[in-house]
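This is model_38.cif. It holds mmCIF, C-alpha atoms.
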```cif
data_run
#
loop_
_atom_site.label_atom_id
_atom_site.label_comp_id
_atom_site.auth_asym_id
_atom_site.auth_seq_id
_atom_site.Cartn_x
_atom_site.Cartn_y
_atom_site.Cartn_z
CA MET C 1 27.82 88.69 -60.35
CA LYS C 2 24.62 90.10 -61.77
CA ARG C 3 21.73 90.46 -59.39
CA ARG C 4 19.45 88.16 -61.43
CA ALA C 5 22.09 85.43 -61.57
CA PHE C 6 22.70 85.69 -57.82
CA ILE C 7 18.98 85.28 -57.07
CA THR C 8 18.81 82.27 -59.40
CA LEU C 9 21.81 80.68 -57.67
CA LEU C 10 20.39 81.35 -54.24
CA GLY C 11 17.03 79.89 -55.23
CA GLY C 12 18.71 76.78 -56.58
CA ALA C 13 20.67 76.35 -53.35
CA ALA C 14 17.51 76.73 -51.31
CA VAL C 15 15.99 73.82 -53.21
CA ALA C 16 19.14 71.73 -53.09
CA TRP C 17 19.70 71.94 -49.33
CA PRO C 18 16.51 70.12 -48.25
CA LEU C 19 17.03 67.54 -51.01
CA ALA C 20 20.51 66.87 -49.72
CA ALA C 21 19.23 66.71 -46.15
CA ARG C 22 16.61 64.19 -47.17
CA ALA C 23 19.20 62.09 -48.94
CA GLN C 24 21.27 61.96 -45.78
CA GLN C 25 18.37 60.83 -43.59
CA PRO C 26 18.69 57.18 -42.49
CA LYS C 27 16.38 54.72 -44.19
CA VAL C 28 13.46 53.63 -41.98
CA PRO C 29 13.72 49.88 -41.36
CA VAL C 30 10.84 47.60 -42.37
CA VAL C 31 9.66 44.62 -40.33
CA GLY C 32 7.64 41.79 -41.85
CA PHE C 33 4.79 40.52 -39.66
CA LEU C 34 3.54 37.18 -40.97
CA ARG C 35 0.79 34.79 -39.89
CA ASP C 36 -0.65 31.65 -41.43
CA THR C 37 -4.10 32.58 -40.09
CA SER C 38 -6.23 35.70 -40.44
CA LEU C 39 -4.89 39.01 -39.16
CA ALA C 40 -8.45 40.10 -38.41
CA ASP C 41 -8.53 37.65 -35.49
CA ALA C 42 -5.12 38.77 -34.23
CA MET C 43 -5.31 42.55 -33.92
CA HIS C 44 -4.77 42.32 -30.14
CA LEU C 45 -1.54 40.43 -30.89
CA VAL C 46 -0.52 43.13 -33.35
CA ALA C 47 -1.18 45.74 -30.64
CA ALA C 48 0.95 43.77 -28.16
CA PHE C 49 3.75 43.53 -30.73
CA ARG C 50 3.61 47.29 -31.30
CA GLN C 51 3.81 47.82 -27.55
CA GLY C 52 6.96 45.71 -27.41
CA LEU C 53 8.48 47.70 -30.28
CA LYS C 54 7.65 50.90 -28.40
CA GLU C 55 9.36 49.60 -25.27
CA ALA C 56 12.44 49.02 -27.39
CA GLY C 57 12.31 52.56 -28.78
CA PHE C 58 10.48 52.02 -32.07
CA ILE C 59 7.10 53.46 -33.06
CA GLU C 60 5.38 52.20 -36.19
CA GLY C 61 5.04 54.94 -38.78
CA GLN C 62 7.82 57.03 -37.25
CA ASN C 63 11.11 55.17 -37.04
CA VAL C 64 9.96 51.72 -38.20
CA MET C 65 7.50 50.41 -40.77
CA VAL C 66 5.66 47.09 -40.57
CA GLU C 67 4.49 45.04 -43.56
CA TYR C 68 1.64 42.71 -42.59
CA ARG C 69 1.00 39.45 -44.43
CA SER C 70 -1.44 36.58 -43.85
CA ALA C 71 -1.85 33.23 -45.58
CA GLU C 72 -5.53 33.17 -44.49
CA HIS C 73 -5.36 29.51 -43.40
CA GLN C 74 -3.74 28.44 -46.67
CA LEU C 75 -0.33 27.10 -45.69
CA HIS C 76 0.82 26.65 -49.29
CA ARG C 77 0.85 30.47 -49.63
CA LEU C 78 3.47 30.98 -46.93
CA PRO C 79 6.60 30.45 -49.10
CA ALA C 80 5.43 33.09 -51.59
CA LEU C 81 4.63 35.53 -48.78
CA VAL C 82 8.08 34.99 -47.27
CA ALA C 83 9.69 35.51 -50.68
CA ASP C 84 7.77 38.76 -51.10
CA LEU C 85 9.03 40.07 -47.75
CA VAL C 86 12.61 39.04 -48.55
CA ARG C 87 12.40 40.84 -51.91
CA GLN C 88 11.35 43.98 -50.06
CA GLN C 89 14.54 43.67 -48.01
CA VAL C 90 12.80 43.65 -44.65
CA ALA C 91 15.12 43.99 -41.67
CA LEU C 92 13.53 40.96 -40.00
CA ILE C 93 10.46 38.72 -40.06
CA VAL C 94 8.18 38.10 -37.09
CA GLY C 95 5.88 35.09 -37.32
CA ASN C 96 3.88 32.47 -35.48
CA THR C 97 4.98 28.83 -35.64
CA GLU C 98 3.99 27.94 -39.19
CA SER C 99 4.99 31.32 -40.64
CA ALA C 100 8.36 31.37 -38.90
CA LEU C 101 9.06 27.80 -40.03
CA ALA C 102 8.39 28.87 -43.61
CA ALA C 103 10.71 31.85 -43.19
CA LYS C 104 13.39 29.66 -41.62
CA SER C 105 13.32 27.13 -44.46
CA ALA C 106 13.40 29.86 -47.10
CA ASN C 107 16.42 31.82 -45.93
CA THR C 108 19.35 31.78 -43.55
CA THR C 109 20.20 35.47 -43.54
CA VAL C 110 17.11 37.56 -42.71
CA PRO C 111 16.64 37.58 -38.91
CA ILE C 112 13.52 35.78 -37.65
CA VAL C 113 11.63 36.35 -34.41
CA PHE C 114 9.21 33.48 -33.79
CA VAL C 115 6.29 33.22 -31.38
CA THR C 116 5.44 29.57 -30.77
CA GLY C 117 3.50 27.42 -28.38
CA GLY C 118 5.91 24.54 -28.93
CA ASP C 119 9.50 23.62 -28.16
CA PRO C 120 11.78 25.79 -30.36
CA VAL C 121 14.56 23.18 -30.34
CA MET C 122 12.28 20.31 -31.38
CA LEU C 123 10.70 22.54 -34.03
CA GLY C 124 14.14 23.23 -35.49
CA PHE C 125 14.20 26.98 -34.90
CA VAL C 126 17.31 26.96 -32.71
CA SER C 127 20.08 24.60 -31.67
CA SER C 128 19.59 25.50 -28.00
CA LEU C 129 17.45 27.91 -25.99
CA ASN C 130 20.36 29.82 -24.46
CA ARG C 131 22.45 29.91 -27.63
CA PRO C 132 20.14 29.96 -30.68
CA GLY C 133 23.15 30.00 -33.00
CA GLY C 134 21.40 30.92 -36.26
CA ASN C 135 19.19 33.61 -37.75
CA ALA C 136 16.19 32.89 -35.49
CA THR C 137 15.19 33.55 -31.90
CA GLY C 138 11.95 34.40 -30.21
CA VAL C 139 9.41 33.49 -27.57
CA SER C 140 7.84 30.18 -26.55
CA PHE C 141 4.63 30.27 -24.55
CA LEU C 142 4.55 26.47 -24.10
CA THR C 143 0.88 25.72 -24.77
CA SER C 144 1.40 22.00 -25.27
CA ALA C 145 3.05 21.64 -21.86
CA SER C 146 -0.22 22.28 -20.02
CA GLY C 147 -2.45 19.68 -21.69
CA THR C 148 -2.47 17.21 -18.80
CA LYS C 149 -3.23 19.99 -16.33
CA ARG C 150 -6.22 21.08 -18.41
CA LEU C 151 -7.50 17.50 -18.41
CA GLU C 152 -7.19 17.41 -14.62
CA LEU C 153 -9.09 20.70 -14.19
CA LEU C 154 -11.83 19.58 -16.57
CA ARG C 155 -12.31 16.35 -14.63
CA GLN C 156 -12.74 18.33 -11.42
CA ILE C 157 -15.72 20.12 -12.93
CA MET C 158 -17.11 17.04 -14.67
CA PRO C 159 -15.95 14.10 -12.50
CA LYS C 160 -18.73 11.82 -13.77
CA ALA C 161 -18.07 12.34 -17.47
CA ALA C 162 -17.79 8.86 -18.97
CA ALA C 163 -16.07 10.27 -22.04
CA ILE C 164 -14.16 13.50 -22.59
CA ALA C 165 -13.75 14.91 -26.09
CA VAL C 166 -10.44 16.30 -27.35
CA LEU C 167 -10.32 18.59 -30.38
CA VAL C 168 -6.89 18.51 -32.04
CA ASP C 169 -5.47 20.92 -34.61
CA VAL C 170 -4.79 18.83 -37.72
CA ASN C 171 -2.22 21.32 -39.04
CA PRO C 172 0.81 19.23 -40.13
CA ASN C 173 3.18 22.04 -39.12
CA SER C 174 1.93 22.09 -35.51
CA PRO C 175 4.06 19.41 -33.84
CA GLN C 176 3.16 20.91 -30.46
CA ALA C 177 -0.42 19.74 -31.07
CA GLY C 178 0.89 16.20 -31.50
CA ASP C 179 2.92 16.44 -28.29
CA GLU C 180 -0.11 17.67 -26.39
CA ARG C 181 -2.27 14.90 -27.81
CA ARG C 182 0.17 12.20 -26.71
CA ASP C 183 0.49 13.68 -23.22
CA VAL C 184 -3.26 13.94 -22.73
CA GLN C 185 -3.86 10.42 -24.04
CA ALA C 186 -1.18 9.01 -21.72
CA ALA C 187 -2.67 10.83 -18.72
CA ALA C 188 -6.18 9.65 -19.57
CA HIS C 189 -5.02 6.06 -20.01
CA ALA C 190 -3.32 6.13 -16.60
CA ILE C 191 -6.59 7.01 -14.85
CA GLY C 192 -8.93 5.02 -17.08
CA GLN C 193 -10.60 8.05 -18.67
CA GLU C 194 -12.15 7.48 -22.10
CA LEU C 195 -11.27 10.08 -24.71
CA ILE C 196 -12.95 10.93 -27.99
CA VAL C 197 -10.19 12.48 -30.10
CA VAL C 198 -11.15 14.31 -33.30
CA GLU C 199 -8.86 16.30 -35.60
CA ALA C 200 -9.97 19.56 -37.18
CA GLY C 201 -8.38 21.99 -39.60
CA SER C 202 -11.32 23.87 -41.08
CA ASP C 203 -14.74 25.27 -40.19
CA ARG C 204 -16.38 22.20 -41.69
CA ASP C 205 -14.16 19.90 -39.61
CA ILE C 206 -15.10 21.74 -36.43
CA GLU C 207 -18.83 21.53 -37.16
CA ALA C 208 -18.49 17.79 -37.84
CA ALA C 209 -16.43 17.32 -34.68
CA PHE C 210 -19.15 18.75 -32.44
CA ALA C 211 -21.72 16.53 -34.13
CA THR C 212 -19.49 13.55 -33.30
CA PHE C 213 -19.07 14.66 -29.69
CA THR C 214 -22.84 14.94 -29.26
CA GLN C 215 -23.52 11.62 -30.97
CA ARG C 216 -20.99 9.79 -28.78
CA GLY C 217 -22.16 11.42 -25.56
CA ALA C 218 -19.05 13.40 -24.62
CA GLY C 219 -19.51 14.94 -21.18
CA ALA C 220 -16.81 17.59 -21.56
CA LEU C 221 -14.36 18.94 -24.12
CA LEU C 222 -10.68 19.87 -24.15
CA VAL C 223 -9.74 22.14 -27.06
CA GLY C 224 -6.09 21.69 -27.98
CA THR C 225 -3.41 24.11 -29.05
CA GLY C 226 -2.86 25.38 -32.58
CA SER C 227 -3.23 28.57 -34.60
CA SER C 228 -6.15 27.24 -36.66
CA LEU C 229 -8.21 26.59 -33.53
CA TYR C 230 -7.13 29.85 -31.92
CA SER C 231 -8.21 31.92 -34.91
CA ARG C 232 -11.63 30.21 -34.80
CA ARG C 233 -12.12 30.76 -31.07
CA ALA C 234 -15.40 32.68 -31.44
CA ARG C 235 -16.95 29.81 -33.41
CA LEU C 236 -15.63 27.19 -30.99
CA VAL C 237 -17.07 29.03 -28.00
CA ALA C 238 -20.42 29.42 -29.77
CA LEU C 239 -20.59 25.71 -30.65
CA ALA C 240 -19.67 24.69 -27.10
CA ALA C 241 -22.56 26.85 -25.81
CA GLN C 242 -24.94 25.53 -28.48
CA HIS C 243 -24.16 21.90 -27.63
CA ARG C 244 -24.00 22.69 -23.89
CA ILE C 245 -20.66 20.99 -23.44
CA PRO C 246 -18.31 22.23 -20.68
CA THR C 247 -15.03 23.12 -22.34
CA ILE C 248 -11.51 24.06 -21.32
CA TYR C 249 -9.18 25.95 -23.61
CA VAL C 250 -5.48 26.78 -23.67
CA LEU C 251 -5.59 30.60 -23.78
CA ARG C 252 -7.51 33.30 -21.90
CA GLU C 253 -8.89 34.84 -25.12
CA PHE C 254 -11.30 31.90 -25.37
CA VAL C 255 -12.69 32.68 -21.91
CA THR C 256 -13.02 36.40 -22.53
CA ALA C 257 -14.95 35.41 -25.68
CA GLY C 258 -17.38 33.41 -23.51
CA GLY C 259 -15.62 30.09 -23.01
CA LEU C 260 -15.89 28.27 -19.69
CA MET C 261 -12.26 27.82 -18.60
CA SER C 262 -8.67 28.19 -19.76
CA TYR C 263 -5.29 27.21 -18.42
CA GLY C 264 -2.08 28.33 -20.05
CA THR C 265 0.39 31.12 -20.54
CA SER C 266 -0.20 34.47 -22.26
CA ILE C 267 0.11 34.64 -26.03
CA THR C 268 -0.48 38.40 -25.82
CA ASP C 269 2.55 38.90 -23.61
CA ALA C 270 4.54 36.60 -25.89
CA TYR C 271 3.91 38.99 -28.79
CA ARG C 272 4.92 41.95 -26.63
CA LEU C 273 8.21 40.21 -25.88
CA ALA C 274 8.62 39.48 -29.60
CA GLY C 275 8.26 43.20 -30.23
CA VAL C 276 11.01 43.92 -27.73
CA TYR C 277 13.30 41.40 -29.42
CA ALA C 278 12.49 42.86 -32.83
CA GLY C 279 13.55 46.27 -31.52
CA ARG C 280 16.81 44.90 -30.14
CA ILE C 281 17.61 43.29 -33.49
CA LEU C 282 16.83 46.57 -35.28
CA LYS C 283 19.40 48.19 -32.98
CA GLY C 284 22.05 45.75 -34.15
CA GLU C 285 21.86 42.69 -31.88
CA LYS C 286 22.01 39.26 -33.54
CA PRO C 287 19.35 36.55 -33.14
CA ALA C 288 22.13 34.04 -32.47
CA ASP C 289 23.04 35.98 -29.30
CA LEU C 290 19.50 36.45 -27.95
CA PRO C 291 18.33 33.52 -25.79
CA VAL C 292 14.84 32.22 -26.48
CA GLN C 293 12.40 33.66 -23.95
CA GLN C 294 9.92 31.30 -22.30
CA SER C 295 6.66 32.16 -20.60
CA THR C 296 6.72 30.53 -17.18
CA LYS C 297 3.59 31.95 -15.56
CA PHE C 298 0.47 29.86 -16.13
CA ALA C 299 -2.96 31.35 -15.44
CA PHE C 300 -6.27 29.59 -14.73
CA LEU C 301 -9.45 31.47 -15.72
CA ILE C 302 -13.10 30.62 -15.06
CA ASN C 303 -16.12 32.30 -16.62
CA LEU C 304 -18.94 32.06 -14.05
CA ARG C 305 -21.49 33.50 -16.48
CA THR C 306 -20.85 30.60 -18.82
CA ALA C 307 -20.92 28.12 -15.93
CA LYS C 308 -24.33 29.44 -14.90
CA ALA C 309 -25.64 29.18 -18.47
CA LEU C 310 -24.52 25.54 -18.51
CA GLY C 311 -26.09 24.86 -15.12
CA LEU C 312 -22.71 24.06 -13.57
CA GLU C 313 -21.74 24.53 -9.94
CA ILE C 314 -18.04 25.32 -9.78
CA PRO C 315 -16.44 23.69 -6.68
CA ASP C 316 -15.09 26.17 -4.14
CA LYS C 317 -11.65 24.57 -4.23
CA LEU C 318 -11.49 25.17 -7.97
CA LEU C 319 -12.57 28.79 -7.59
CA ALA C 320 -9.81 29.22 -5.04
CA LEU C 321 -7.27 28.02 -7.61
CA ALA C 322 -8.42 30.49 -10.27
CA ASP C 323 -6.15 33.42 -11.10
CA GLU C 324 -9.10 35.26 -12.63
CA VAL C 325 -12.86 34.80 -12.37
CA ILE C 326 -15.26 36.45 -14.82
CA GLU C 327 -18.60 37.06 -13.16
#
```

Encoded form (structure tokens):
Amino acid sequence: MKRRAFITLLGGAAVAWPLAARAQQPKVPVVGFLRDTSLADAMHLVAAFRQGLKEAGFIEGQNVMVEYRSAEHQLHRLPALVADLVRQQVALIVGNTESALAAKSANTTVPIVFVTGGDPVMLGFVSSLNRPGGNATGVSFLTSASGTKRLELLRQIMPKAAAIAVLVDVNPNSPQAGDERRDVQAAAHAIGQELIVVEAGSDRDIEAAFATFTQRGAGALLVGTGSSLYSRRARLVALAAQHRIPTIYVLREFVTAGGLMSYGTSITDAYRLAGVYAGRILKGEKPADLPVQQSTKFAFLINLRTAKALGLEIPDKLLALADEVIE
């Protein structure tokens, strides 16, 4: 072989080897992360999800990619967003209640990991908690289950409140909000407590709701569960301070944002667990074989700075019950 031809052949081989090596590299899986509300208000949940993926052996940008989508409070956009993720052949879809319901109704093959505050069986995600049996599994942090307890805690701080306001998420795909509403109304009726129940699904609704609470003389407020209310937590906390109305919320993020009290489980930990489940599915496990995880630890938080601003004296027995006190 001539020297020039040998060099040409060798050069061609040198180029071909890395190309062949690249062709043999496994394709990096893609996970769809979908929410009906803004992602800007959920970056701590994204961080928790990434932590769960990491615990399962996956690091975003290295051995897994994540496609983020948000309907920005416009539920009618969810089916198109799901379709877009399916077209991209994502390995699985992770979503909150409304997003996961949209994914579930759109397909029966792509695995779904849901994070919900409601009952996954009643919502139609799974046939049973221990044996999901389909293409969906996930985590339930049971927000609606603690509504009556929040009413009880609120009454301990405001025992003389003639009327207590309840702000309910109007979202039609949040059945857990309806369950919570019925439970709270039943508990209030049993003790003769007047409630002022107002539904809200937008910023305008929330502004109008607080005007109604003030006009009708509500002595305290219980903010219900739901992604629309959660994503507007900063505005809710600000309005509660503006109208000087003692308020209890379902999740700790409201209290760290300046709210008075919260009682519920951890949505942040729920997203971490969802990340772990996503990693297990990426490794080959099936949603049908992964039992739904349920948050069982409830935490009670009190913000003493907010109490002081409202001129409230928190009873010692209530402080003793608190799992965390912000001073």

Each residue of stretch 241-299 of chain C with at least one atom at most 10 Å from stretch 110-114 of chain C should appear once, together with its nearest atom pair and the corresponding distance in Å (one decimal); atoms considered: all atoms listed in the file; ordering: chain, then increasing residue number; output as a tab-separated table.
```
residue	atom	partner	partner_atom	distance
C:Ala270	CA	C:Phe114	CA	9.7
C:Tyr271	CA	C:Phe114	CA	9.1
C:Leu273	CA	C:Val113	CA	10.0
C:Ala274	CA	C:Val113	CA	6.5
C:Gly275	CA	C:Val113	CA	8.7
C:Tyr277	CA	C:Val113	CA	7.3
C:Ala278	CA	C:Val113	CA	6.8
C:Ile281	CA	C:Pro111	CA	7.9
C:Leu282	CA	C:Pro111	CA	9.7
C:Lys286	CA	C:Pro111	CA	7.8
C:Pro287	CA	C:Pro111	CA	6.5
C:Ala288	CA	C:Pro111	CA	9.2
C:Val292	CA	C:Phe114	CA	9.3
```

- request: Could you tell me how far atom CA of C:Ala211 lies from atom CA of C:Val255, in Å and to one decimal?
  value: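 Between these atoms lies a distance of 22.2 Å.
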
Dump as a tab-separated table the rows for residues of stretch 45-82 of chain C within 12 Å of stretch 195-209 of chain C: closest atom pair and distance in Å with one decimal, only C-alpha atoms counted, ordered by chain and rising residue number.
```
residue	atom	partner	partner_atom	distance
C:Glu72	CA	C:Ser202	CA	11.5
C:His73	CA	C:Ser202	CA	8.5
C:Gln74	CA	C:Ser202	CA	10.5
C:Leu75	CA	C:Gly201	CA	11.3
```

- prompt: Do you know which residues the PyMOL selection byres ((chain C and resi 291) around 7) returns on this file, as a VMD selection string?
  reply: chain C and resid 129 to 132 137 289 to 290 292 to 293

The PyMOL selection byres ((chain C and resi 41) around 10) - which residues does that actually catch in the file I just gave you? List them as a PDB file with C-alpha atoms, keeping the file's coordinate frame.
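Just written: selection-v5.pdb:
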```pdb
ATOM      1  CA  THR C  37      -4.100  32.580 -40.090  1.00  0.00           C
ATOM      2  CA  SER C  38      -6.230  35.700 -40.440  1.00  0.00           C
ATOM      3  CA  LEU C  39      -4.890  39.010 -39.160  1.00  0.00           C
ATOM      4  CA  ALA C  40      -8.450  40.100 -38.410  1.00  0.00           C
ATOM      5  CA  ALA C  42      -5.120  38.770 -34.230  1.00  0.00           C
ATOM      6  CA  MET C  43      -5.310  42.550 -33.920  1.00  0.00           C
ATOM      7  CA  HIS C  44      -4.770  42.320 -30.140  1.00  0.00           C
ATOM      8  CA  LEU C  45      -1.540  40.430 -30.890  1.00  0.00           C
ATOM      9  CA  VAL C  46      -0.520  43.130 -33.350  1.00  0.00           C
ATOM     10  CA  TYR C 230      -7.130  29.850 -31.920  1.00  0.00           C
ATOM     11  CA  SER C 231      -8.210  31.920 -34.910  1.00  0.00           C
ATOM     12  CA  ARG C 232     -11.630  30.210 -34.800  1.00  0.00           C
ATOM     13  CA  ARG C 233     -12.120  30.760 -31.070  1.00  0.00           C
ATOM     14  CA  ALA C 234     -15.400  32.680 -31.440  1.00  0.00           C
TER      15      ALA C 234
END
```

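Our summary of the geometry notes that atom CA of C:Asn303 is positioned 20.0 Å from atom CA of C:Thr143.
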
query: Just so the selection is clear, what residues does the PyMOL selection byres ((chain C and resi 217) around 12) cover here, as a list in words?
result: Ala161, Ala162, Ala163, Ile164, Ala165, Glu194, Leu195, Ile196, Phe210, Ala211, Thr212, Phe213, Thr214, Gln215, Arg216, Ala218, Gly219, Ala220, Leu221, His243, Arg244 and Ile245 of chain C

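Closest approach to C:Leu151 among C:Gly224, C:Arg50, C:Val82, C:Glu98: C:Gly224, based on only C-alpha atoms.
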
- request: Give me the residues within 9 Å of stretch 320-323 of chain C as a VMD selection string, counting only C-alpha atoms and dropping any in the same chain fewer than 4 places off.
  value: chain C and resid 299 to 302 315 to 316

Requested write-out: C-alpha atoms of the selected residues, as a short mmCIF file (atom, residue, chain, number, x, y, z; two decimals), keeping the file's coordinate frame:
```cif
data_model
loop_
_atom_site.label_atom_id
_atom_site.label_comp_id
_atom_site.auth_asym_id
_atom_site.auth_seq_id
_atom_site.Cartn_x
_atom_site.Cartn_y
_atom_site.Cartn_z
CA ALA C 299 -2.96 31.35 -15.44
CA PHE C 300 -6.27 29.59 -14.73
CA LEU C 301 -9.45 31.47 -15.72
CA ILE C 302 -13.10 30.62 -15.06
CA PRO C 315 -16.44 23.69 -6.68
CA ASP C 316 -15.09 26.17 -4.14
#
```

With a distance cut-off of 12 Å and all atoms listed in the file, select the neighbouring residues of C:Phe58, excluding the residue or stretch itself and same-chain residues fewer than 2 positions from it, and output the selection as a short mmCIF file (atom, residue, chain, number, x, y, z; two decimals) with C-alpha atoms, in the coordinates of the input.
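around_30.cif was written with the following content:
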```cif
data_model
loop_
_atom_site.label_atom_id
_atom_site.label_comp_id
_atom_site.auth_asym_id
_atom_site.auth_seq_id
_atom_site.Cartn_x
_atom_site.Cartn_y
_atom_site.Cartn_z
CA VAL C 28 13.46 53.63 -41.98
CA PRO C 29 13.72 49.88 -41.36
CA VAL C 30 10.84 47.60 -42.37
CA VAL C 31 9.66 44.62 -40.33
CA PHE C 49 3.75 43.53 -30.73
CA ARG C 50 3.61 47.29 -31.30
CA GLN C 51 3.81 47.82 -27.55
CA GLY C 52 6.96 45.71 -27.41
CA LEU C 53 8.48 47.70 -30.28
CA LYS C 54 7.65 50.90 -28.40
CA GLU C 55 9.36 49.60 -25.27
CA ALA C 56 12.44 49.02 -27.39
CA GLU C 60 5.38 52.20 -36.19
CA GLY C 61 5.04 54.94 -38.78
CA GLN C 62 7.82 57.03 -37.25
CA ASN C 63 11.11 55.17 -37.04
CA VAL C 64 9.96 51.72 -38.20
CA MET C 65 7.50 50.41 -40.77
CA VAL C 66 5.66 47.09 -40.57
CA GLY C 275 8.26 43.20 -30.23
CA VAL C 276 11.01 43.92 -27.73
CA TYR C 277 13.30 41.40 -29.42
CA ALA C 278 12.49 42.86 -32.83
CA GLY C 279 13.55 46.27 -31.52
CA ARG C 280 16.81 44.90 -30.14
CA ILE C 281 17.61 43.29 -33.49
CA LEU C 282 16.83 46.57 -35.28
CA LYS C 283 19.40 48.19 -32.98
#
```

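Between C:Tyr249 and the residues C:Leu81, C:Ala106, C:Val166, C:Tyr263, the shortest atom-to-atom distance, using all atoms listed in the file, involves C:Tyr263.
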